[in-house]
$ cat run17.pdb   # PDB, C-alpha atoms and all ligand atoms
ATOM      1  CA  MET H   1      48.698  -3.007  -6.692
ATOM      2  CA  GLU H   2      47.395  -1.091  -3.716
ATOM      3  CA  ASN H   3      44.159  -2.368  -2.097
ATOM      4  CA  ARG H   4      43.989  -5.285  -4.509
ATOM      5  CA  ILE H   5      41.952  -8.048  -2.835
ATOM      6  CA  ALA H   6      44.040 -11.227  -2.858
ATOM      7  CA  GLU H   7      43.084 -14.569  -4.422
ATOM      8  CA  SER H   8      42.739 -16.118  -0.927
ATOM      9  CA  GLU H   9      40.245 -13.461   0.230
ATOM     10  CA  LEU H  10      37.913 -13.189  -2.737
ATOM     11  CA  ILE H  11      37.871 -16.602  -4.369
ATOM     12  CA  ILE H  12      36.908 -16.607  -8.041
ATOM     13  CA  ASN H  13      36.559 -19.973  -9.796
ATOM     14  CA  ASN H  14      37.555 -20.984 -13.338
ATOM     15  CA  ARG H  15      34.191 -19.808 -14.647
ATOM     16  CA  GLY H  16      34.901 -16.311 -13.307
ATOM     17  CA  ALA H  17      32.250 -16.891 -10.641
ATOM     18  CA  VAL H  18      32.347 -16.232  -6.903
ATOM     19  CA  TYR H  19      33.363 -19.272  -4.810
ATOM     20  CA  HIS H  20      30.271 -20.435  -2.864
ATOM     21  CA  LEU H  21      27.467 -19.078  -5.034
ATOM     22  CA  ASP H  22      29.122 -20.010  -8.356
ATOM     23  CA  VAL H  23      27.568 -16.899  -9.908
ATOM     24  CA  ARG H  24      29.343 -14.347 -12.147
ATOM     25  CA  PRO H  25      28.801 -10.571 -11.857
ATOM     26  CA  ASP H  26      26.697 -10.515 -15.065
ATOM     27  CA  GLU H  27      24.480 -13.322 -13.715
ATOM     28  CA  ILE H  28      22.998 -11.518 -10.695
ATOM     29  CA  ALA H  29      20.219  -8.903 -10.579
ATOM     30  CA  SER H  30      20.215  -5.906  -8.246
ATOM     31  CA  THR H  31      16.907  -6.956  -6.671
ATOM     32  CA  ILE H  32      17.442 -10.240  -4.850
ATOM     33  CA  ILE H  33      15.073 -12.539  -2.980
ATOM     34  CA  THR H  34      16.718 -14.826  -0.432
ATOM     35  CA  VAL H  35      15.060 -18.026   0.750
ATOM     36  CA  GLY H  36      16.370 -20.616   3.194
ATOM     37  CA  ASP H  37      15.269 -23.777   1.420
ATOM     38  CA  PRO H  38      17.033 -24.505  -1.925
ATOM     39  CA  ASP H  39      13.757 -26.056  -3.187
ATOM     40  CA  ARG H  40      12.012 -22.724  -2.595
ATOM     41  CA  VAL H  41      14.108 -21.091  -5.345
ATOM     42  CA  GLY H  42      12.097 -22.874  -8.066
ATOM     43  CA  ALA H  43       8.864 -22.060  -6.222
ATOM     44  CA  VAL H  44       9.773 -18.379  -6.670
ATOM     45  CA  SER H  45      11.224 -18.524 -10.189
ATOM     46  CA  LYS H  46       8.217 -20.431 -11.568
ATOM     47  CA  HIS H  47       6.495 -17.034 -11.393
ATOM     48  CA  PHE H  48       9.185 -15.443 -13.616
ATOM     49  CA  ASP H  49       8.163 -14.683 -17.213
ATOM     50  CA  LYS H  50      11.651 -15.624 -18.361
ATOM     51  CA  ILE H  51      14.553 -17.422 -16.655
ATOM     52  CA  GLU H  52      17.944 -16.206 -17.816
ATOM     53  CA  GLY H  53      20.184 -18.528 -15.794
ATOM     54  CA  LYS H  54      20.226 -21.217 -13.104
ATOM     55  CA  PHE H  55      23.296 -21.823 -10.918
ATOM     56  CA  GLN H  56      23.995 -24.175  -8.040
ATOM     57  CA  HIS H  57      26.880 -24.936  -5.707
ATOM     58  CA  ARG H  58      26.307 -26.694  -2.361
ATOM     59  CA  GLU H  59      23.073 -25.320  -0.774
ATOM     60  CA  PHE H  60      23.309 -22.093  -2.767
ATOM     61  CA  VAL H  61      20.877 -22.218  -5.690
ATOM     62  CA  THR H  62      20.412 -19.056  -7.759
ATOM     63  CA  HIS H  63      17.850 -18.378 -10.505
ATOM     64  CA  THR H  64      17.971 -15.053 -12.361
ATOM     65  CA  GLY H  65      15.174 -13.907 -14.636
ATOM     66  CA  TYR H  66      12.460 -11.396 -15.337
ATOM     67  CA  ILE H  67       8.928 -10.545 -14.287
ATOM     68  CA  GLY H  68       7.938  -8.180 -17.101
ATOM     69  CA  ASN H  69      10.913  -5.816 -17.423
ATOM     70  CA  LYS H  70      12.001  -6.301 -13.818
ATOM     71  CA  ARG H  71      15.184  -8.343 -13.485
ATOM     72  CA  LEU H  72      15.292 -10.426 -10.310
ATOM     73  CA  SER H  73      17.485 -13.067  -8.721
ATOM     74  CA  VAL H  74      16.376 -15.593  -6.124
ATOM     75  CA  VAL H  75      19.117 -17.195  -4.018
ATOM     76  CA  SER H  76      18.899 -19.924  -1.372
ATOM     77  CA  THR H  77      20.960 -19.350   1.735
ATOM     78  CA  GLY H  78      20.400 -22.596   3.619
ATOM     79  CA  ILE H  79      19.932 -22.182   7.357
ATOM     80  CA  GLY H  80      21.633 -19.794   9.747
ATOM     81  CA  THR H  81      23.570 -16.568  10.077
ATOM     82  CA  ASP H  82      26.903 -18.203   9.176
ATOM     83  CA  ASN H  83      25.478 -18.886   5.720
ATOM     84  CA  ILE H  84      24.197 -15.306   5.533
ATOM     85  CA  ASP H  85      27.791 -14.142   6.077
ATOM     86  CA  ILE H  86      28.748 -16.022   2.910
ATOM     87  CA  VAL H  87      25.754 -15.051   0.791
ATOM     88  CA  LEU H  88      25.671 -11.326   1.644
ATOM     89  CA  ASN H  89      29.435 -10.885   1.211
ATOM     90  CA  GLU H  90      29.445 -12.729  -2.115
ATOM     91  CA  LEU H  91      26.386 -10.850  -3.431
ATOM     92  CA  ASP H  92      28.097  -7.598  -2.466
ATOM     93  CA  ALA H  93      31.355  -8.670  -4.116
ATOM     94  CA  LEU H  94      29.467  -9.479  -7.348
ATOM     95  CA  VAL H  95      28.331  -5.873  -7.696
ATOM     96  CA  ASN H  96      30.918  -3.851  -5.808
ATOM     97  CA  ILE H  97      34.280  -5.482  -6.566
ATOM     98  CA  ASP H  98      35.784  -5.536 -10.049
ATOM     99  CA  PHE H  99      36.564  -9.237 -10.671
ATOM    100  CA  GLN H 100      39.318  -8.340 -13.215
ATOM    101  CA  THR H 101      41.295  -5.822 -11.153
ATOM    102  CA  ARG H 102      40.151  -7.133  -7.721
ATOM    103  CA  LEU H 103      39.642  -3.532  -6.618
ATOM    104  CA  VAL H 104      36.536  -2.114  -4.931
ATOM    105  CA  LYS H 105      34.624  -0.163  -7.575
ATOM    106  CA  PRO H 106      34.718   3.646  -7.226
ATOM    107  CA  SER H 107      30.933   3.805  -7.481
ATOM    108  CA  LEU H 108      29.016   1.355  -5.285
ATOM    109  CA  THR H 109      25.714  -0.399  -5.990
ATOM    110  CA  SER H 110      23.112  -0.752  -3.256
ATOM    111  CA  LEU H 111      21.181  -4.002  -3.675
ATOM    112  CA  GLN H 112      17.583  -4.592  -2.633
ATOM    113  CA  ILE H 113      17.573  -7.834  -0.648
ATOM    114  CA  ILE H 114      14.278  -9.330   0.494
ATOM    115  CA  ARG H 115      14.130 -12.532   2.549
ATOM    116  CA  LEU H 116      11.015 -14.672   2.058
ATOM    117  CA  GLY H 117      11.294 -17.184   4.904
ATOM    118  CA  THR H 118       9.452 -19.117   7.583
ATOM    119  CA  SER H 119       9.263 -18.333  11.265
ATOM    120  CA  GLY H 120       7.699 -19.087  14.652
ATOM    121  CA  ALA H 121       5.347 -16.536  16.243
ATOM    122  CA  LEU H 122       5.862 -15.388  19.836
ATOM    123  CA  GLN H 123       2.494 -13.646  20.252
ATOM    124  CA  GLU H 124      -0.868 -15.350  20.623
ATOM    125  CA  ASP H 125      -2.552 -12.965  18.171
ATOM    126  CA  ILE H 126      -0.170 -13.786  15.287
ATOM    127  CA  PRO H 127      -1.648 -16.998  13.906
ATOM    128  CA  VAL H 128       0.006 -19.693  11.841
ATOM    129  CA  ASP H 129      -0.197 -19.010   8.087
ATOM    130  CA  SER H 130      -0.054 -15.223   8.631
ATOM    131  CA  PHE H 131       2.881 -13.046   7.480
ATOM    132  CA  VAL H 132       5.301 -10.927   9.527
ATOM    133  CA  VAL H 133       7.529  -8.118   8.281
ATOM    134  CA  SER H 134      10.550  -7.711  10.557
ATOM    135  CA  SER H 135      10.844  -4.088  11.719
ATOM    136  CA  HIS H 136      14.143  -5.118  13.339
ATOM    137  CA  GLY H 137      16.414  -8.129  13.447
ATOM    138  CA  LEU H 138      17.615  -8.806  16.987
ATOM    139  CA  GLY H 139      20.538 -11.217  16.833
ATOM    140  CA  LEU H 140      21.283 -13.670  19.622
ATOM    141  CA  ASP H 141      23.999 -15.274  17.510
ATOM    142  CA  ASN H 142      27.525 -13.838  17.354
ATOM    143  CA  LEU H 143      28.116 -13.106  13.654
ATOM    144  CA  MET H 144      27.982  -9.331  13.892
ATOM    145  CA  ALA H 145      30.545  -9.323  16.740
ATOM    146  CA  TYR H 146      33.140  -9.844  13.966
ATOM    147  CA  TYR H 147      32.159  -6.647  12.072
ATOM    148  CA  GLU H 148      32.458  -2.959  12.895
ATOM    149  CA  PHE H 149      29.071  -1.293  12.467
ATOM    150  CA  ASP H 150      27.132   1.829  13.418
ATOM    151  CA  SER H 151      23.861   1.773  15.357
ATOM    152  CA  THR H 152      21.223   4.486  15.431
ATOM    153  CA  PRO H 153      20.190   6.058  18.769
ATOM    154  CA  ALA H 154      16.792   4.330  18.417
ATOM    155  CA  GLU H 155      18.497   0.951  17.950
ATOM    156  CA  ARG H 156      20.713   1.585  20.987
ATOM    157  CA  SER H 157      17.687   2.418  23.182
ATOM    158  CA  LEU H 158      15.851  -0.690  22.021
ATOM    159  CA  LEU H 159      18.886  -2.843  22.733
ATOM    160  CA  GLU H 160      19.285  -1.326  26.182
ATOM    161  CA  ALA H 161      15.622  -2.097  26.932
ATOM    162  CA  PHE H 162      16.118  -5.660  25.690
ATOM    163  CA  ARG H 163      19.169  -6.157  27.886
ATOM    164  CA  GLY H 164      17.278  -4.738  30.873
ATOM    165  CA  GLN H 165      14.154  -6.841  30.388
ATOM    166  CA  ILE H 166      15.576 -10.140  29.144
ATOM    167  CA  PRO H 167      18.190 -11.961  31.175
ATOM    168  CA  LEU H 168      20.221 -14.444  29.115
ATOM    169  CA  LYS H 169      21.757 -16.944  31.482
ATOM    170  CA  HIS H 170      24.948 -17.875  29.713
ATOM    171  CA  GLY H 171      27.539 -15.324  28.607
ATOM    172  CA  GLY H 172      27.747 -16.466  24.977
ATOM    173  CA  ALA H 173      25.129 -14.274  23.373
ATOM    174  CA  SER H 174      25.691 -10.539  23.162
ATOM    175  CA  PRO H 175      22.517  -9.234  21.499
ATOM    176  CA  VAL H 176      22.660  -6.855  18.534
ATOM    177  CA  ILE H 177      19.800  -5.047  16.809
ATOM    178  CA  PHE H 178      19.368  -3.599  13.314
ATOM    179  CA  SER H 179      16.315  -1.964  11.773
ATOM    180  CA  ALA H 180      14.834  -2.849   8.393
ATOM    181  CA  SER H 181      15.103  -0.688   5.272
ATOM    182  CA  THR H 182      12.455   2.006   5.799
ATOM    183  CA  GLN H 183      12.118   2.362   2.035
ATOM    184  CA  LEU H 184      11.175  -1.325   1.607
ATOM    185  CA  SER H 185       9.112  -1.630   4.835
ATOM    186  CA  GLU H 186       6.766   1.094   3.580
ATOM    187  CA  LEU H 187       5.724  -1.157   0.684
ATOM    188  CA  PHE H 188       4.808  -4.177   2.802
ATOM    189  CA  LYS H 189       2.116  -2.980   5.208
ATOM    190  CA  ASP H 190      -1.209  -4.289   3.922
ATOM    191  CA  GLY H 191      -1.876  -7.807   5.133
ATOM    192  CA  PHE H 192       1.365  -8.093   7.132
ATOM    193  CA  HIS H 193       1.983  -8.066  10.878
ATOM    194  CA  THR H 194       5.050  -6.048  11.848
ATOM    195  CA  GLY H 195       7.412  -6.407  14.785
ATOM    196  CA  ILE H 196      10.828  -7.239  16.115
ATOM    197  CA  THR H 197      12.228 -10.563  14.909
ATOM    198  CA  VAL H 198      14.680 -12.420  17.118
ATOM    199  CA  THR H 199      17.334 -14.311  15.172
ATOM    200  CA  CYS H 200      18.581 -17.404  16.987
ATOM    201  CA  PRO H 201      21.723 -19.495  16.516
ATOM    202  CA  GLY H 202      19.665 -22.708  16.482
ATOM    203  CA  PHE H 203      16.145 -24.126  16.185
ATOM    204  CA  TYR H 204      15.851 -26.068  19.449
ATOM    205  CA  ALA H 205      17.245 -24.714  22.767
ATOM    206  CA  PRO H 206      18.078 -21.296  21.221
ATOM    207  CA  GLN H 207      14.342 -21.039  20.403
ATOM    208  CA  GLY H 208      13.232 -22.477  23.760
ATOM    209  CA  ARG H 209      12.427 -25.940  22.342
ATOM    210  CA  MET H 210      13.276 -28.812  24.625
ATOM    211  CA  LEU H 211      13.166 -32.331  23.242
ATOM    212  CA  ARG H 212      15.742 -34.044  25.505
ATOM    213  CA  GLY H 213      18.518 -31.460  26.030
ATOM    214  CA  PRO H 214      17.772 -29.304  29.107
ATOM    215  CA  LEU H 215      17.451 -25.536  28.546
ATOM    216  CA  SER H 216      19.826 -22.993  30.102
ATOM    217  CA  ASN H 217      17.158 -20.277  29.641
ATOM    218  CA  PRO H 218      13.800 -21.964  30.390
ATOM    219  CA  GLY H 219      12.056 -18.567  30.619
ATOM    220  CA  LEU H 220      13.247 -17.390  27.176
ATOM    221  CA  ILE H 221       9.932 -17.596  25.281
ATOM    222  CA  ASP H 222       7.962 -16.020  28.105
ATOM    223  CA  ASN H 223      10.456 -13.160  28.430
ATOM    224  CA  LEU H 224      10.520 -12.486  24.685
ATOM    225  CA  THR H 225       6.721 -12.514  24.480
ATOM    226  CA  LYS H 226       6.409 -10.009  27.347
ATOM    227  CA  PHE H 227       9.122  -7.628  26.081
ATOM    228  CA  ASN H 228       7.744  -4.170  25.377
ATOM    229  CA  TYR H 229       9.502  -0.904  24.661
ATOM    230  CA  GLU H 230       7.576   2.137  23.501
ATOM    231  CA  SER H 231       4.820  -0.117  22.080
ATOM    232  CA  GLN H 232       7.308  -2.212  20.121
ATOM    233  CA  ARG H 233       7.083  -5.944  20.739
ATOM    234  CA  ILE H 234       8.820  -9.111  19.628
ATOM    235  CA  THR H 235       6.636 -10.908  17.115
ATOM    236  CA  ASN H 236       8.637 -13.930  16.015
ATOM    237  CA  PHE H 237      11.876 -15.813  15.781
ATOM    238  CA  GLU H 238      13.885 -17.437  13.038
ATOM    239  CA  MET H 239      17.553 -17.837  12.059
ATOM    240  CA  GLU H 240      18.756 -15.241   9.475
ATOM    241  CA  THR H 241      17.152 -11.791   9.760
ATOM    242  CA  SER H 242      19.574  -9.947  12.090
ATOM    243  CA  ALA H 243      22.539 -11.023   9.952
ATOM    244  CA  ILE H 244      20.833  -9.859   6.742
ATOM    245  CA  TYR H 245      19.988  -6.499   8.322
ATOM    246  CA  GLY H 246      23.413  -6.229   9.986
ATOM    247  CA  LEU H 247      25.442  -6.991   6.869
ATOM    248  CA  GLY H 248      23.062  -4.823   4.845
ATOM    249  CA  ARG H 249      24.036  -1.980   7.211
ATOM    250  CA  VAL H 250      27.765  -2.711   6.939
ATOM    251  CA  LEU H 251      27.760  -3.101   3.147
ATOM    252  CA  GLY H 252      25.134  -0.480   2.258
ATOM    253  CA  HIS H 253      22.210  -2.570   0.962
ATOM    254  CA  GLU H 254      18.442  -2.142   1.490
ATOM    255  CA  CYS H 255      17.155  -5.228   3.293
ATOM    256  CA  LEU H 256      13.785  -6.543   4.394
ATOM    257  CA  SER H 257      12.843  -9.870   5.961
ATOM    258  CA  ILE H 258       9.324 -11.262   5.604
ATOM    259  CA  SER H 259       8.207 -14.554   7.115
ATOM    260  CA  ALA H 260       5.310 -16.937   6.773
ATOM    261  CA  ILE H 261       4.422 -18.011  10.307
ATOM    262  CA  VAL H 262       4.511 -21.798  10.412
ATOM    263  CA  ALA H 263       4.552 -22.239  14.210
ATOM    264  CA  ASN H 264       2.826 -20.374  17.013
ATOM    265  CA  ARG H 265       4.863 -21.056  20.134
ATOM    266  CA  ILE H 266       2.292 -19.592  22.531
ATOM    267  CA  ARG H 267      -0.678 -21.498  21.142
ATOM    268  CA  LYS H 268       1.642 -24.475  20.568
ATOM    269  CA  GLU H 269       0.365 -24.900  17.011
ATOM    270  CA  PHE H 270       2.109 -25.750  13.744
ATOM    271  CA  SER H 271       0.692 -24.925  10.315
ATOM    272  CA  LYS H 272      -1.317 -27.750   8.747
ATOM    273  CA  ASP H 273       0.105 -26.751   5.353
ATOM    274  CA  GLY H 274       3.299 -24.715   5.702
ATOM    275  CA  GLY H 275       3.969 -25.183   1.969
ATOM    276  CA  ALA H 276       0.724 -23.405   1.101
ATOM    277  CA  ALA H 277       1.568 -20.559   3.522
ATOM    278  CA  VAL H 278       4.980 -20.117   1.886
ATOM    279  CA  ALA H 279       3.428 -20.274  -1.614
ATOM    280  CA  ALA H 280       0.971 -17.535  -0.584
ATOM    281  CA  LEU H 281       3.832 -15.408   0.811
ATOM    282  CA  ILE H 282       5.778 -15.804  -2.436
ATOM    283  CA  GLU H 283       2.794 -14.650  -4.531
ATOM    284  CA  LYS H 284       2.042 -11.708  -2.229
ATOM    285  CA  GLY H 285       5.712 -10.770  -1.970
ATOM    286  CA  LEU H 286       6.347 -10.963  -5.713
ATOM    287  CA  SER H 287       3.344  -8.756  -6.495
ATOM    288  CA  VAL H 288       5.233  -5.943  -4.708
ATOM    289  CA  ILE H 289       8.832  -6.933  -5.514
ATOM    290  CA  ALA H 290       8.088  -6.949  -9.262
ATOM    291  CA  THR H 291       7.222  -3.247  -8.993
ATOM    292  CA  LEU H 292      10.475  -2.157  -7.273
TER     293      LEU H 292
HETATM  294  C1  LIG C   1      14.471 -23.461  10.265
HETATM  295  O1  LIG C   1      13.533 -24.436  10.005
HETATM  296  C2  LIG C   1      14.670 -22.533   9.083
HETATM  297  O2  LIG C   1      13.405 -21.954   8.715
HETATM  298  C3  LIG C   1      13.460 -20.539   8.797
HETATM  299  C4  LIG C   1      14.604 -20.283   9.745
HETATM  300  O3  LIG C   1      15.087 -18.977   9.653
HETATM  301  C5  LIG C   1      15.581 -21.362   9.407
HETATM  302  O4  LIG C   1      16.361 -21.039   8.283
HETATM  303  O5  LIG C   1      13.604 -19.872   7.562
HETATM  304  P1  LIG C   1      13.616 -20.538   6.089
HETATM  305  O6  LIG C   1      12.337 -21.322   5.957
HETATM  306  O7  LIG C   1      13.663 -19.410   5.140
HETATM  307  O8  LIG C   1      14.842 -21.409   6.006
HETATM  308  N1  LIG C   2      11.707 -21.343  11.599
HETATM  309  C1  LIG C   2      12.264 -21.153  12.805
HETATM  310  O1  LIG C   2      13.443 -20.798  12.896
HETATM  311  N2  LIG C   2      11.512 -21.368  13.893
HETATM  312  C2  LIG C   2      10.239 -21.784  13.839
HETATM  313  O2  LIG C   2       9.613 -21.992  14.886
HETATM  314  C3  LIG C   2       9.667 -21.979  12.570
HETATM  315  C4  LIG C   2      10.432 -21.751  11.451
END

$ encode --input "run17.pdb" --output "structure tokens"
Amino acid sequence: MENRIAESELIINNRGAVYHLDVRPDEIASTIITVGDPDRVGAVSKHFDKIEGKFQHREFVTHTGYIGNKRLSVVSTGIGTDNIDIVLNELDALVNIDFQTRLVKPSLTSLQIIRLGTSGALQEDIPVDSFVVSSHGLGLDNLMAYYEFDSTPAERSLLEAFRGQIPLKHGGASPVIFSASTQLSELFKDGFHTGITVTCPGFYAPQGRMLRGPLSNPGLIDNLTKFNYESQRITNFEMETSAIYGLGRVLGHECLSISAIVANRIRKEFSKDGGAAVAALIEKGLSVIATL
């Protein structure tokens, strides 16, 4: 049959569930919270009034349930943009591909995807234990190089400014930038810092941390902190946001990334209780997400 997606491309297991997530189409909600840490899934779903199902395969733990009448899923992604490639594509397949016919559905569903993660601040005035909403995800990884995507003129100008202001020594990283869902950003203003989030392909050298391996870009943190374009600044870095925003753009989903700041790289501080900061972010985030 024409345009049928083959068994090797969309892998469906014996349970009728998608390969990595081990979740069936009827087991996922259209509002989805992603978290990096699989243990954080329970920390979110303990606030649900009712849990409908729990699924796990590898680092991908999914709980689906309700807060009041609002159906929600929380999914762990593990660390990194390569895992986001898997999670976003499989979440999209669950709602937009018919698992019986293997055809893309004629009418597509746009998911609401909200990341509740942790992050390191790149500005002195963004303290540990505060929260940052990512206005943009600026990817220094290479995932989005494998997809065709459209950028807005505003994104192109921002990227040009970034390229002009921030030299990256090696040729590996070709930066990309994607803005957040405006619809979702509007709802997360009170009590949140906002700014550009840089998504890195690692935690150590790619975030300017040197333990023993020498850095190819020793000025990275300083350059990111000083970046400014039309009053927009880089607030933080982490390891998933640009891929969530980028694949959200490609697949037509509304995405927002919110982080609890656990490290301040300028003040050289780490949160004394990162778990409490994440718990506070979950409560604050859910109070809004439950109303979507
Ligand atoms: C690194 O420690 C991990 O923490 C951040 C980074 O993006 C990376 O995944 O987010 P999570 O706490 O959500 O995993
Ligand atoms: N997650 C990151 O990726 N970086 C940090 O500094 C803290 C959390």

$ residues_around --input "run17.pdb" --residues "Pro106 (chain H)" --least-positions-apart "2" --cutoff "12 Å" --atoms "all atoms listed in the file" --output "list in words"
Val95, Asn96, Ile97, Asp98, Leu103, Val104, Leu108 and Thr109 of chain H

$ residues_near_ligand --input "run17.pdb" --ligand "ligand LIG 2 (chain C)" --cutoff "12 Å" --atoms "all atoms listed in the file" --output "PDB file with C-alpha atoms, in the coordinates of the input"
ATOM      1  CA  VAL H  35      15.060 -18.026   0.750  1.00  0.00           C
ATOM      2  CA  GLY H  36      16.370 -20.616   3.194  1.00  0.00           C
ATOM      3  CA  ASP H  37      15.269 -23.777   1.420  1.00  0.00           C
ATOM      4  CA  GLY H  78      20.400 -22.596   3.619  1.00  0.00           C
ATOM      5  CA  ILE H  79      19.932 -22.182   7.357  1.00  0.00           C
ATOM      6  CA  GLY H  80      21.633 -19.794   9.747  1.00  0.00           C
ATOM      7  CA  THR H  81      23.570 -16.568  10.077  1.00  0.00           C
ATOM      8  CA  LEU H 116      11.015 -14.672   2.058  1.00  0.00           C
ATOM      9  CA  GLY H 117      11.294 -17.184   4.904  1.00  0.00           C
ATOM     10  CA  THR H 118       9.452 -19.117   7.583  1.00  0.00           C
ATOM     11  CA  SER H 119       9.263 -18.333  11.265  1.00  0.00           C
ATOM     12  CA  GLY H 120       7.699 -19.087  14.652  1.00  0.00           C
ATOM     13  CA  ALA H 121       5.347 -16.536  16.243  1.00  0.00           C
ATOM     14  CA  LEU H 122       5.862 -15.388  19.836  1.00  0.00           C
ATOM     15  CA  VAL H 128       0.006 -19.693  11.841  1.00  0.00           C
ATOM     16  CA  ASP H 129      -0.197 -19.010   8.087  1.00  0.00           C
ATOM     17  CA  THR H 197      12.228 -10.563  14.909  1.00  0.00           C
ATOM     18  CA  VAL H 198      14.680 -12.420  17.118  1.00  0.00           C
ATOM     19  CA  THR H 199      17.334 -14.311  15.172  1.00  0.00           C
ATOM     20  CA  CYS H 200      18.581 -17.404  16.987  1.00  0.00           C
ATOM     21  CA  PRO H 201      21.723 -19.495  16.516  1.00  0.00           C
ATOM     22  CA  GLY H 202      19.665 -22.708  16.482  1.00  0.00           C
ATOM     23  CA  PHE H 203      16.145 -24.126  16.185  1.00  0.00           C
ATOM     24  CA  TYR H 204      15.851 -26.068  19.449  1.00  0.00           C
ATOM     25  CA  ALA H 205      17.245 -24.714  22.767  1.00  0.00           C
ATOM     26  CA  PRO H 206      18.078 -21.296  21.221  1.00  0.00           C
ATOM     27  CA  GLN H 207      14.342 -21.039  20.403  1.00  0.00           C
ATOM     28  CA  GLY H 208      13.232 -22.477  23.760  1.00  0.00           C
ATOM     29  CA  ARG H 209      12.427 -25.940  22.342  1.00  0.00           C
ATOM     30  CA  ILE H 221       9.932 -17.596  25.281  1.00  0.00           C
ATOM     31  CA  THR H 235       6.636 -10.908  17.115  1.00  0.00           C
ATOM     32  CA  ASN H 236       8.637 -13.930  16.015  1.00  0.00           C
ATOM     33  CA  PHE H 237      11.876 -15.813  15.781  1.00  0.00           C
ATOM     34  CA  GLU H 238      13.885 -17.437  13.038  1.00  0.00           C
ATOM     35  CA  MET H 239      17.553 -17.837  12.059  1.00  0.00           C
ATOM     36  CA  GLU H 240      18.756 -15.241   9.475  1.00  0.00           C
ATOM     37  CA  THR H 241      17.152 -11.791   9.760  1.00  0.00           C
ATOM     38  CA  ILE H 258       9.324 -11.262   5.604  1.00  0.00           C
ATOM     39  CA  SER H 259       8.207 -14.554   7.115  1.00  0.00           C
ATOM     40  CA  ALA H 260       5.310 -16.937   6.773  1.00  0.00           C
ATOM     41  CA  ILE H 261       4.422 -18.011  10.307  1.00  0.00           C
ATOM     42  CA  VAL H 262       4.511 -21.798  10.412  1.00  0.00           C
ATOM     43  CA  ALA H 263       4.552 -22.239  14.210  1.00  0.00           C
ATOM     44  CA  ASN H 264       2.826 -20.374  17.013  1.00  0.00           C
ATOM     45  CA  ARG H 265       4.863 -21.056  20.134  1.00  0.00           C
ATOM     46  CA  ILE H 266       2.292 -19.592  22.531  1.00  0.00           C
ATOM     47  CA  LYS H 268       1.642 -24.475  20.568  1.00  0.00           C
ATOM     48  CA  GLU H 269       0.365 -24.900  17.011  1.00  0.00           C
ATOM     49  CA  PHE H 270       2.109 -25.750  13.744  1.00  0.00           C
ATOM     50  CA  SER H 271       0.692 -24.925  10.315  1.00  0.00           C
ATOM     51  CA  GLY H 274       3.299 -24.715   5.702  1.00  0.00           C
ATOM     52  CA  GLY H 275       3.969 -25.183   1.969  1.00  0.00           C
ATOM     53  CA  ALA H 277       1.568 -20.559   3.522  1.00  0.00           C
ATOM     54  CA  VAL H 278       4.980 -20.117   1.886  1.00  0.00           C
TER      55      VAL H 278
END

$ atom_distance --input "run17.pdb" --atom1 "CA of Ser110 (chain H)" --atom2 "CA of Gly248 (chain H)"
9.1 Å

$ residues_around --input "run17.pdb" --residues "region 55-58 of chain H" --least-positions-apart "3" --cutoff "12 Å" --atoms "only C-alpha atoms" --output "ChimeraX atom specification"
/H:13,15,17-24,27-28,38-39,41-42,51-52,61-65,73-78,83,87

$ axis_aligned_box --input "run17.pdb" --around "ligand LIG 1 (chain C)" --padding-each-side "5 Å" --output "AutoDock Vina command-line options"
--center_x 14.3 --center_y -21.7 --center_z 7.7 --size_x 14.0 --size_y 15.5 --size_z 15.1

$ resolve_selection --input "run17.pdb" --expression "the PyMOL selection byres (((chain H and resi 68) around 8) and not hetatm)" --output "ChimeraX atom specification"
/H:49,66-67,69-70,290

$ write_last_selection --input "run17.pdb" --atoms "C-alpha atoms" --output "CSV table (one decimal), keeping the file's coordinate frame"
chain,number,residue,atom,x,y,z
H,49,ASP,CA,8.2,-14.7,-17.2
H,66,TYR,CA,12.5,-11.4,-15.3
H,67,ILE,CA,8.9,-10.5,-14.3
H,69,ASN,CA,10.9,-5.8,-17.4
H,70,LYS,CA,12.0,-6.3,-13.8
H,290,ALA,CA,8.1,-6.9,-9.3

$ closest_residue --input "run17.pdb" --among "H:Ile177, H:Ala154, H:Ile33, H:Leu91" --to "Leu256 (chain H)" --atoms "all atoms listed in the file"
H:Ile33

$ closest_residue --input "run17.pdb" --among "H:Ile234, H:Leu94, H:Ile11, H:Leu281" --to "ligand LIG 1 (chain C)" --atoms "all atoms listed in the file"
H:Leu281

$ closest_residue --input "run17.pdb" --among "H:Ile5, H:Ile114, H:Leu72, H:Leu184" --to "ligand LIG 1 (chain C)" --atoms "only C-alpha atoms and all ligand atoms"
H:Ile114

$ closest_residue --input "run17.pdb" --among "H:Leu224, H:Leu10, H:Lys272, H:Ile244" --to "ligand LIG 1 (chain C)" --atoms "only C-alpha atoms and all ligand atoms"
H:Ile244

$ atom_distance --input "run17.pdb" --atom1 "CA of Tyr146 (chain H)" --atom2 "CA of Cys255 (chain H)"
19.8 Å

$ atom_distance --input "run17.pdb" --atom1 "CA of Ser30 (chain H)" --atom2 "atom C3 of ligand LIG 1 (chain C)"
23.5 Å

$ closest_residue --input "run17.pdb" --among "H:Asn217, H:Ser185, H:Thr291, H:Ser242" --to "ligand LIG 1 (chain C)" --atoms "only C-alpha atoms and all ligand atoms"
H:Ser242

$ closest_residue --input "run17.pdb" --among "H:Leu158, H:Ile12, H:Leu140, H:Val176" --to "Phe99 (chain H)" --atoms "all atoms listed in the file"
H:Ile12

$ resolve_selection --input "run17.pdb" --expression "the PyMOL selection byres (((chain H and resi 178) around 9) and not hetatm)" --output "MDAnalysis selection string"
chainID H and resid 135:139 151:152 155 176:177 179:180 242:243 245:246 249

$ residues_near_point --input "run17.pdb" --point "(35.3, -7.7, 2.1)" --cutoff "8 Å" --atoms "all atoms listed in the file" --output "PDB file with C-alpha atoms, in the frame of the given file"
ATOM      1  CA  GLU H   9      40.245 -13.461   0.230  1.00  0.00           C
ATOM      2  CA  LEU H  10      37.913 -13.189  -2.737  1.00  0.00           C
ATOM      3  CA  ASN H  89      29.435 -10.885   1.211  1.00  0.00           C
ATOM      4  CA  ALA H  93      31.355  -8.670  -4.116  1.00  0.00           C
TER       5      ALA H  93
END
